[in-house]
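Below is data13.txt, which holds compact mmCIF, C-alpha atoms.
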# COMPACT_ATOMS: atom_id res chain seq x y z
CA MET A 1 -102.79 -35.42 185.86
CA LYS A 2 -101.85 -39.07 185.58
CA ARG A 3 -101.26 -38.65 181.85
CA LEU A 4 -99.04 -35.72 182.56
CA ARG A 5 -97.02 -37.69 185.06
CA GLU A 6 -96.69 -40.62 182.70
CA PHE A 7 -95.53 -38.28 179.97
CA PHE A 8 -92.72 -36.95 182.10
CA GLN A 9 -91.86 -40.32 183.53
CA LYS A 10 -91.59 -42.10 180.21
CA GLU A 11 -87.80 -42.15 180.19
CA ASN A 12 -87.53 -43.68 183.62
CA ASP A 13 -90.31 -46.11 182.99
CA HIS A 14 -89.82 -49.85 183.05
CA SER A 15 -86.49 -49.70 184.80
CA ALA A 16 -87.31 -53.18 186.09
CA ASP A 17 -87.06 -54.51 182.53
CA VAL A 18 -83.64 -52.95 182.17
CA ALA A 19 -82.58 -54.44 185.51
CA ARG A 20 -83.76 -57.88 184.46
CA GLU A 21 -81.91 -57.81 181.15
CA ARG A 22 -78.69 -56.51 182.69
CA LEU A 23 -78.85 -59.14 185.40
CA LYS A 24 -79.44 -62.01 182.99
CA MET A 25 -76.40 -60.95 181.00
CA MET A 26 -74.21 -60.43 184.06
CA ILE A 27 -75.22 -63.63 185.77
CA SER A 28 -74.67 -65.81 182.72
CA GLN A 29 -71.20 -64.30 182.47
CA ASP A 30 -70.58 -64.88 186.18
CA ARG A 31 -71.69 -68.49 185.90
CA MET A 32 -69.43 -69.07 182.92
CA GLN A 33 -66.45 -67.64 184.76
CA ARG A 34 -67.24 -69.72 187.80
CA SER A 35 -67.00 -72.94 185.80
CA GLN A 36 -63.62 -72.01 184.30
CA PRO A 37 -60.46 -73.52 185.76
CA ASP A 38 -58.25 -71.14 187.74
CA PHE A 39 -55.28 -71.61 185.40
CA LEU A 40 -57.19 -70.37 182.35
CA PRO A 41 -56.06 -66.71 182.44
CA ARG A 42 -52.42 -67.79 182.75
CA LEU A 43 -52.76 -70.31 179.94
CA GLN A 44 -54.36 -67.65 177.79
CA SER A 45 -51.63 -65.10 178.31
CA GLU A 46 -48.89 -67.67 177.68
CA LEU A 47 -50.58 -68.85 174.49
CA VAL A 48 -50.86 -65.27 173.27
CA GLU A 49 -47.20 -64.72 174.02
CA VAL A 50 -46.10 -67.78 172.03
CA ILE A 51 -48.36 -66.99 169.09
CA LYS A 52 -47.08 -63.43 168.90
CA ARG A 53 -43.53 -64.71 168.85
CA TYR A 54 -44.19 -66.53 165.57
CA THR A 55 -46.80 -64.41 163.82
CA GLN A 56 -47.58 -60.76 163.40
CA SER A 57 -50.86 -61.17 165.21
CA GLU A 58 -52.29 -58.39 167.26
CA GLN A 59 -54.02 -59.13 170.53
CA SER A 60 -57.37 -58.77 168.78
CA ASP A 61 -56.38 -61.41 166.18
CA ILE A 62 -56.19 -64.06 168.88
CA GLN A 63 -59.43 -65.36 170.28
CA ILE A 64 -59.52 -68.00 172.95
CA SER A 65 -62.78 -69.35 174.25
CA TYR A 66 -63.48 -71.94 176.87
CA HIS A 67 -66.27 -74.49 176.60
CA SER A 68 -67.41 -76.79 179.31
CA LEU A 69 -68.93 -79.96 177.89
CA PRO A 70 -70.58 -82.68 179.96
CA GLN A 71 -67.58 -85.01 179.88
CA ARG A 72 -64.72 -82.80 178.78
CA ALA A 73 -63.55 -79.23 178.79
CA GLN A 74 -62.36 -77.59 175.63
CA ILE A 75 -60.60 -74.43 174.54
CA GLU A 76 -61.06 -73.04 171.11
CA LEU A 77 -58.23 -71.03 169.63
CA ASN A 78 -58.71 -68.73 166.66
CA VAL A 79 -55.65 -66.96 165.33
CA SER A 80 -55.20 -64.81 162.27
CA TRP A 81 -52.38 -62.55 161.11
CA PRO A 82 -51.64 -60.33 158.16
CA ARG A 83 -50.03 -61.96 155.12
CA ASN A 84 -46.58 -60.74 154.28
CA THR A 85 -47.08 -58.80 151.08
CA PRO A 86 -43.82 -58.24 149.26
CA MET I 87 -83.79 -85.77 212.54
CA ALA I 88 -82.48 -82.23 213.03
CA ARG I 89 -82.38 -79.93 210.02
CA VAL I 90 -79.50 -77.47 209.67
CA VAL I 91 -80.58 -74.38 207.73
CA VAL I 92 -78.36 -71.46 206.69
CA VAL I 93 -79.87 -68.03 206.12
CA THR I 94 -77.53 -66.35 203.68
CA SER I 95 -77.41 -63.68 200.96
CA GLY I 96 -73.99 -62.49 199.90
CA LYS I 97 -74.96 -58.84 200.09
CA GLY I 98 -75.28 -57.16 203.46
CA GLY I 99 -78.31 -55.31 204.72
CA VAL I 100 -80.92 -57.34 202.86
CA GLY I 101 -82.53 -58.76 205.99
CA LYS I 102 -80.66 -61.95 206.89
CA THR I 103 -80.69 -61.36 210.62
CA THR I 104 -84.26 -60.05 210.66
CA SER I 105 -85.37 -63.08 208.65
CA CYS I 106 -83.39 -65.46 210.79
CA ALA I 107 -85.03 -64.12 213.97
CA SER I 108 -88.54 -64.34 212.58
CA ILE I 109 -88.11 -67.73 210.93
CA GLY I 110 -86.66 -69.21 214.12
CA THR I 111 -89.40 -67.65 216.22
CA ALA I 112 -92.14 -68.92 213.90
CA LEU I 113 -90.68 -72.44 214.02
CA ALA I 114 -90.67 -72.33 217.81
CA MET I 115 -94.28 -71.06 217.78
CA GLN I 116 -95.15 -74.23 215.86
CA GLY I 117 -93.61 -76.27 218.64
CA TYR I 118 -90.27 -77.11 217.03
CA ARG I 119 -87.21 -76.93 219.27
CA THR I 120 -85.11 -74.34 217.48
CA VAL I 121 -81.69 -72.79 217.98
CA LEU I 122 -80.32 -69.77 216.14
CA ILE I 123 -76.55 -69.44 215.70
CA ASP I 124 -75.03 -66.05 214.91
CA PHE I 125 -71.95 -66.57 212.70
CA ASP I 126 -71.16 -62.89 212.27
CA VAL I 127 -67.99 -62.75 214.35
CA GLY I 128 -67.18 -59.18 215.33
CA LEU I 129 -70.53 -57.84 214.11
CA ARG I 130 -72.91 -59.65 216.41
CA ASN I 131 -76.50 -58.48 215.92
CA LEU I 132 -78.88 -61.40 216.18
CA ASP I 133 -79.00 -60.94 219.96
CA LEU I 134 -80.20 -57.35 219.46
CA VAL I 135 -82.91 -58.33 217.02
CA MET I 136 -84.00 -61.13 219.37
CA GLY I 137 -83.95 -58.72 222.32
CA CYS I 138 -81.57 -60.76 224.47
CA GLU I 139 -78.39 -58.67 224.14
CA ARG I 140 -78.13 -58.09 227.87
CA ARG I 141 -78.07 -61.77 228.65
CA VAL I 142 -75.05 -62.64 226.51
CA VAL I 143 -72.28 -64.09 228.67
CA TYR I 144 -70.53 -66.69 226.52
CA ASP I 145 -70.46 -67.02 222.75
CA LEU I 146 -69.89 -69.54 219.98
CA ILE I 147 -66.10 -69.21 220.07
CA ASN I 148 -66.04 -69.74 223.85
CA VAL I 149 -67.80 -73.03 223.21
CA THR I 150 -65.55 -74.18 220.36
CA THR I 151 -62.43 -73.41 222.41
CA GLY I 152 -63.82 -75.18 225.46
CA GLU I 153 -63.94 -72.07 227.68
CA ALA I 154 -67.67 -72.53 228.15
CA LYS I 155 -70.07 -75.41 227.96
CA LEU I 156 -72.70 -75.32 225.25
CA SER I 157 -75.43 -75.16 227.89
CA GLN I 158 -73.79 -72.07 229.42
CA ALA I 159 -73.64 -70.21 226.12
CA LEU I 160 -77.18 -70.97 224.92
CA ILE I 161 -79.61 -68.15 225.68
CA LYS I 162 -83.22 -69.13 226.18
CA ASP I 163 -85.79 -66.90 224.51
CA LYS I 164 -87.89 -65.04 227.06
CA ARG I 165 -91.12 -65.38 225.06
CA LEU I 166 -91.07 -68.91 223.73
CA ASP I 167 -90.18 -72.28 225.14
CA GLY I 168 -87.93 -74.31 222.92
CA LEU I 169 -86.25 -71.30 221.31
CA TYR I 170 -82.58 -70.64 222.01
CA MET I 171 -79.79 -68.62 220.50
CA LEU I 172 -76.03 -68.92 220.41
CA PRO I 173 -74.42 -65.48 220.04
CA ALA I 174 -71.40 -64.62 217.93
CA SER I 175 -68.22 -63.37 219.52
CA GLN I 176 -67.90 -59.61 219.45
CA THR I 177 -64.19 -59.31 220.11
CA ARG I 178 -62.20 -62.28 218.83
CA ASP I 179 -60.55 -62.41 215.44
CA LYS I 180 -62.45 -64.24 212.73
CA ASP I 181 -59.97 -67.09 212.41
CA ALA I 182 -60.78 -68.24 215.94
CA LEU I 183 -63.72 -70.13 214.47
CA THR I 184 -62.72 -73.46 212.94
CA TYR I 185 -64.53 -76.01 210.80
CA GLU I 186 -63.94 -78.73 213.39
CA GLY I 187 -65.13 -76.54 216.25
CA VAL I 188 -68.31 -75.52 214.46
CA GLY I 189 -68.91 -79.12 213.37
CA GLU I 190 -68.73 -80.33 216.97
CA VAL I 191 -71.13 -77.63 218.18
CA ILE I 192 -73.63 -78.43 215.42
CA ASP I 193 -73.40 -82.17 216.12
CA ALA I 194 -74.11 -81.51 219.79
CA LEU I 195 -77.06 -79.23 218.96
CA LYS I 196 -78.51 -81.88 216.65
CA GLU I 197 -79.11 -84.05 219.70
CA GLU I 198 -81.29 -81.40 221.33
CA PHE I 199 -83.02 -79.48 218.55
CA ASP I 200 -85.30 -79.96 215.56
CA PHE I 201 -83.96 -76.93 213.70
CA ILE I 202 -80.53 -75.31 213.74
CA ILE I 203 -80.69 -71.96 211.95
CA CYS I 204 -77.35 -70.42 211.00
CA ASP I 205 -77.30 -66.65 210.50
CA SER I 206 -74.55 -66.03 207.96
CA PRO I 207 -72.38 -62.92 207.83
CA ALA I 208 -72.45 -60.91 204.59
CA GLY I 209 -69.82 -61.51 201.94
CA ILE I 210 -68.34 -64.67 200.48
CA GLU I 211 -65.38 -64.94 202.83
CA ARG I 212 -64.54 -67.60 205.36
CA GLY I 213 -67.29 -66.64 207.83
CA ALA I 214 -70.02 -67.00 205.22
CA ILE I 215 -68.60 -70.32 204.00
CA LEU I 216 -68.36 -71.59 207.57
CA ALA I 217 -72.00 -70.66 208.22
CA MET I 218 -73.17 -72.67 205.19
CA TYR I 219 -70.70 -75.55 205.42
CA TYR I 220 -72.80 -77.91 207.55
CA ALA I 221 -76.19 -76.85 206.15
CA ASP I 222 -78.75 -79.29 204.80
CA GLU I 223 -80.87 -76.48 203.43
CA ALA I 224 -80.49 -72.81 202.65
CA ILE I 225 -82.75 -69.80 202.65
CA VAL I 226 -81.24 -67.23 200.29
CA VAL I 227 -82.42 -63.73 201.16
CA SER I 228 -82.58 -61.22 198.33
CA ASN I 229 -83.96 -57.74 197.69
CA PRO I 230 -85.47 -56.93 194.29
CA GLU I 231 -82.31 -55.03 193.43
CA VAL I 232 -79.64 -55.88 190.85
CA SER I 233 -76.68 -56.03 193.23
CA SER I 234 -78.52 -58.19 195.73
CA VAL I 235 -79.76 -60.65 193.09
CA ARG I 236 -76.33 -60.96 191.55
CA ASP I 237 -74.74 -61.64 194.95
CA SER I 238 -77.43 -64.21 195.69
CA ASP I 239 -76.43 -66.03 192.53
CA ARG I 240 -72.84 -66.09 193.76
CA ILE I 241 -74.00 -67.55 197.05
CA ILE I 242 -76.07 -70.22 195.29
CA GLY I 243 -72.90 -71.16 193.39
CA LEU I 244 -71.03 -71.52 196.69
CA LEU I 245 -73.81 -73.64 198.19
CA ASP I 246 -73.30 -75.97 195.23
CA SER I 247 -69.55 -76.23 195.71
CA LYS I 248 -68.27 -75.23 199.15
CA THR I 249 -70.56 -77.12 201.54
CA ARG I 250 -70.05 -80.50 203.11
CA ARG I 251 -73.03 -81.82 201.19
CA ALA I 252 -71.49 -80.61 197.92
CA GLU I 253 -68.21 -82.33 198.84
CA GLU I 254 -70.14 -85.55 199.42
CA GLY I 255 -71.86 -85.23 196.05
CA GLU I 256 -75.19 -84.19 197.51
CA THR I 257 -77.04 -80.92 197.20
CA VAL I 258 -78.09 -78.24 199.66
CA LYS I 259 -81.74 -77.49 199.04
CA ALA I 260 -81.90 -73.72 198.44
CA GLN I 261 -85.04 -71.62 198.56
CA LEU I 262 -85.47 -67.92 197.92
CA LEU I 263 -86.84 -65.35 200.36
CA ILE I 264 -87.49 -61.96 198.79
CA THR I 265 -87.58 -59.05 201.23
CA ARG I 266 -88.49 -55.36 200.96
CA TYR I 267 -90.94 -56.10 198.18
CA ASP I 268 -93.08 -53.21 197.03
CA PRO I 269 -96.02 -54.34 194.85
CA GLU I 270 -96.77 -50.78 193.83
CA ARG I 271 -93.34 -50.28 192.33
CA VAL I 272 -93.53 -53.71 190.70
CA GLU I 273 -96.85 -52.67 189.16
CA HIS I 274 -95.16 -49.57 187.73
CA SER I 275 -92.30 -51.69 186.37
CA ASP I 276 -89.89 -49.88 188.63
CA MET I 277 -89.02 -52.97 190.62
CA MET I 278 -88.29 -56.50 189.45
CA SER I 279 -91.12 -58.86 190.19
CA MET I 280 -90.97 -62.01 192.27
CA GLN I 281 -91.26 -63.99 189.02
CA ASP I 282 -88.33 -62.12 187.44
CA ILE I 283 -86.05 -62.89 190.38
CA GLU I 284 -87.18 -66.49 190.62
CA GLU I 285 -86.49 -66.99 186.93
CA ILE I 286 -83.03 -65.45 187.11
CA LEU I 287 -81.89 -67.32 190.22
CA ALA I 288 -83.66 -70.55 189.29
CA ILE I 289 -84.55 -71.58 192.84
CA PRO I 290 -88.10 -71.72 194.23
CA VAL I 291 -89.52 -68.80 196.22
CA VAL I 292 -90.39 -69.77 199.80
CA GLY I 293 -91.65 -66.33 200.77
CA VAL I 294 -92.02 -62.67 199.91
CA ILE I 295 -91.82 -60.08 202.69
CA PRO I 296 -93.30 -56.69 201.82
CA GLU I 297 -91.51 -53.45 202.56
CA SER I 298 -93.08 -52.56 205.87
CA PRO I 299 -92.62 -50.13 208.75
CA ALA I 300 -93.32 -53.05 211.07
CA VAL I 301 -89.83 -54.48 210.40
CA LEU I 302 -87.95 -51.48 211.79
CA ARG I 303 -90.45 -51.11 214.62
CA ALA I 304 -89.80 -54.72 215.60
CA SER I 305 -86.01 -54.51 215.52
CA ASN I 306 -86.14 -51.24 217.48
CA GLN I 307 -87.88 -53.15 220.25
CA GLY I 308 -85.93 -56.38 219.97
CA ILE I 309 -89.04 -58.38 219.19
CA PRO I 310 -88.96 -60.50 216.00
CA VAL I 311 -91.54 -59.04 213.60
CA VAL I 312 -93.40 -62.35 213.36
CA HIS I 313 -94.71 -61.61 216.88
CA ASP I 314 -96.47 -58.57 215.37
CA THR I 315 -99.31 -60.75 214.11
CA PRO I 316 -101.50 -57.98 212.64
CA SER I 317 -98.62 -56.64 210.53
CA ASP I 318 -98.14 -57.56 206.87
CA ALA I 319 -94.47 -58.47 207.37
CA GLY I 320 -95.30 -60.60 210.42
CA GLN I 321 -97.94 -62.53 208.50
CA ALA I 322 -95.63 -62.88 205.50
CA TYR I 323 -92.98 -64.47 207.74
CA SER I 324 -95.41 -66.92 209.29
CA ASP I 325 -96.61 -67.87 205.77
CA THR I 326 -92.98 -68.33 204.76
CA VAL I 327 -92.36 -70.74 207.60
CA ALA I 328 -95.57 -72.65 206.84
CA ARG I 329 -94.31 -73.10 203.27
CA PHE I 330 -90.86 -74.02 204.55
CA LEU I 331 -92.53 -76.79 206.57
CA GLY I 332 -94.21 -78.06 203.42
CA GLU I 333 -97.60 -76.41 203.62
CA GLU I 334 -99.18 -75.01 200.45
CA LYS I 335 -99.90 -71.33 200.92
CA PRO I 336 -100.61 -68.72 198.28
CA MET I 337 -98.33 -65.67 198.34
CA ARG I 338 -99.83 -62.65 200.03
CA PHE I 339 -98.84 -58.98 199.85
CA VAL I 340 -97.46 -59.40 196.33
CA GLU I 341 -100.36 -57.77 194.50
CA LEU I 342 -101.11 -54.07 194.57
CA GLU I 343 -104.05 -53.25 196.78
CA ARG I 344 -106.47 -51.12 194.83
CA LYS I 345 -107.02 -47.98 196.82
CA GLY I 346 -110.52 -46.62 197.14
CA LEU I 347 -111.37 -43.08 196.19
CA PHE I 348 -111.36 -42.02 199.82
CA SER I 349 -107.86 -43.20 200.63
CA ARG I 350 -106.59 -41.90 197.31
CA MET I 351 -107.85 -38.44 198.22
CA PHE I 352 -106.93 -38.46 201.87
CA GLY I 353 -104.41 -41.26 202.21
CA GLY I 354 -101.53 -39.07 201.16
CA ARG I 355 -98.20 -40.45 200.03
CA ARG I 356 -96.96 -43.76 201.32
Show the structure stored in the file as structure tokens.
Amino acid sequence: MKRLREFFQKENDHSADVARERLKMMISQDRMQRSQPDFLPRLQSELVEVIKRYTQSEQSDIQISYHSLPQRAQIELNVSWPRNTP
Amino acid sequence: MARVVVVTSGKGGVGKTTSCASIGTALAMQGYRTVLIDFDVGLRNLDLVMGCERRVVYDLINVTTGEAKLSQALIKDKRLDGLYMLPASQTRDKDALTYEGVGEVIDALKEEFDFIICDSPAGIERGAILAMYYADEAIVVSNPEVSSVRDSDRIIGLLDSKTRRAEEGETVKAQLLITRYDPERVEHSDMMSMQDIEEILAIPVVGVIPESPAVLRASNQGIPVVHDTPSDAGQAYSDTVARFLGEEKPMRFVELERKGLFSRMFGGRR
């Protein structure tokens, strides 16, 4: 009987493990966002705007990441765009 | 020296008020002069759980605005000496409560009491921040459920940034109280364990309260569950308070009780 129940329950089993993994992911993201300055989203969108004005970059070609170091904060900007092929 | 403790959670319905009532009651049972303050303006409930709803005349806002004296608003517990509560206002708008007003009330209470327990409203709005602002310590209440744990993490972040202690470069000592714990479901990996939650939130566990019919029974009657001394939840709360006061106590009701053949056959479903 117990075997039978376990067999049918297999797919729902260990939902606690799933919860734990999802939470760890979510909370580390939350904590990161919490440490970011409020102006960051605005800065990001303005940077993207300026970069697009000069290059043929798509939104996905522009990556901006924020790092909080012990003494300083830092943003890392990665931009690429297609070469003009004649 | 009086200790100001906030009972908070972020998420609603996890047992803040129930915990507040039992923790305050257990402290008073140990002989500490204790006052409970309900910060949930508009959704006053601590008086119901404490069973003193019919004796509410004045509330916290009446005191901060000077309409009533502190001594007029404090309600003495009918079962224990040295236990009082200060109800929340049921009618006023939330902005009627000010930082200065609350600060004055807490300063005055510090003269009279050993413990000032602040029952926070749910959420992360002004009311919740006000409830934690003057706290020296926090008890963060959480269920073993993803939304509750995530909200608790938010609250821990606020304790680290929005309190007076944080502004002064000090920390609010936060401890975790897990409620509605079901060891059987933990055993079957259908519920996060105490260790999982402790690891994720990174604050020490001060107590684990098992899922128990005694909790509802107690609030139905307006008697804090810690008075129900034979009950598992009542004992878990008194253990929690012993640990809160610095005693070493092993966790109880966190392991699955092995059922005998008899109760497995005749015990039925839980």
Q: Using all atoms listed in the file, select each residue of chain I with any atom at most 6 Å away from an atom of chain A, and give the selection as a PyMOL selection string.
A: chain I and resi 275-278
Q: Could you jot down the atom CA of I:Tyr323 to atom CA of I:Met337 separation for me, Å, one decimal place?
A: 10.9 Å
(Q) Rounded to one decimal, what separation in Å do you get between atom CA of I:Leu156 and atom CA of I:Arg141? (A) 15.0 Å
**Q.** From I:Glu333, I:Leu244, I:Val312, I:Gly213, residue lying nearest I:Thr111 [all atoms listed in the file]
**A.** I:Val312
(Q) Just want the 12 Å neighbourhood of I:Lys97, counted on all atoms listed in the file, with same-chain residues fewer than 5 positions away dropped. Output as a list in words. (A) Lys102, Ser206, Pro207, Ala208, Gly209, Ile210, Glu211, Ala214, Val226, Val227, Ser228, Asn229, Glu231, Val232, Ser233, Ser234, Val235, Arg236, Asp237, Ser238, Asp239, Arg240 and Ile241 of chain I
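Among the candidates I:Ile192, I:Met115, I:Leu245, I:Ala328, the residue lying nearest to I:Asp163 is I:Met115 (atoms considered: all atoms listed in the file).
Between atom CA of I:Phe201 and atom CA of I:Val121 the separation is 6.4 Å.
With only C-alpha atoms as the atoms that count, the residue of I:Val188, I:Leu166, I:Val294, I:Ile202 with the shortest distance to I:Met280 is I:Val294.
The shell of residues at most 7 Å from I:Asp268, with only C-alpha atoms counted and near chain neighbours (fewer than 2 positions) removed, consists of Arg266, Glu270, Arg271, Val272, Pro296 and Glu297 of chain I.
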**Q.** Residues within 9 Å of (-71.4, -70.2, 224.9), file coords, all atoms listed in the file, listed as a list in words
**A.**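 The distance filter leaves exactly Val142, Val143, Tyr144, Asp145, Leu146, Ile147, Asn148, Val149, Thr150, Glu153, Ala154, Lys155, Leu156, Ser157, Gln158, Ala159, Leu160, Ile161, Leu172, Pro173 and Ala174 of chain I.
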Q: Go through A:Leu40, A:Val79, A:Met32, A:Met25 and flag the residue nearest A:Lys52, using all atoms listed in the file for the distances.
A: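 For A:Lys52, the nearest of the given residues is A:Val79.
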Taking every listed atom of stretch 331-337 of chain I and adding 6 Å to each side, what centre and edge lengths in Å (one decimal) does the axis-aligned box have, as lines of an AutoDock Vina configuration file?
center_x = -96.6
center_y = -71.9
center_z = 202.4
size_x = 20.1
size_y = 24.4
size_z = 20.3
Q: Check the smallest atom-to-atom distance from each of A:Pro70, A:Ile75, A:Leu43, A:Trp81 to A:Glu58 using only C-alpha atoms, then report the winner.
A: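 That would be A:Trp81, the residue with the smallest distance to A:Glu58.
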Q | Within 10 Å of A:Pro82 using only C-alpha atoms, minus same-chain residues under 3 positions, as number ranges by chain | A | A: 55-58, 61, 85
**Q.** Proximity to I:Gly128 - best of I:Ala319, I:Leu302, I:Leu183, I:Ala224, all atoms listed in the file
**A.** I:Leu183
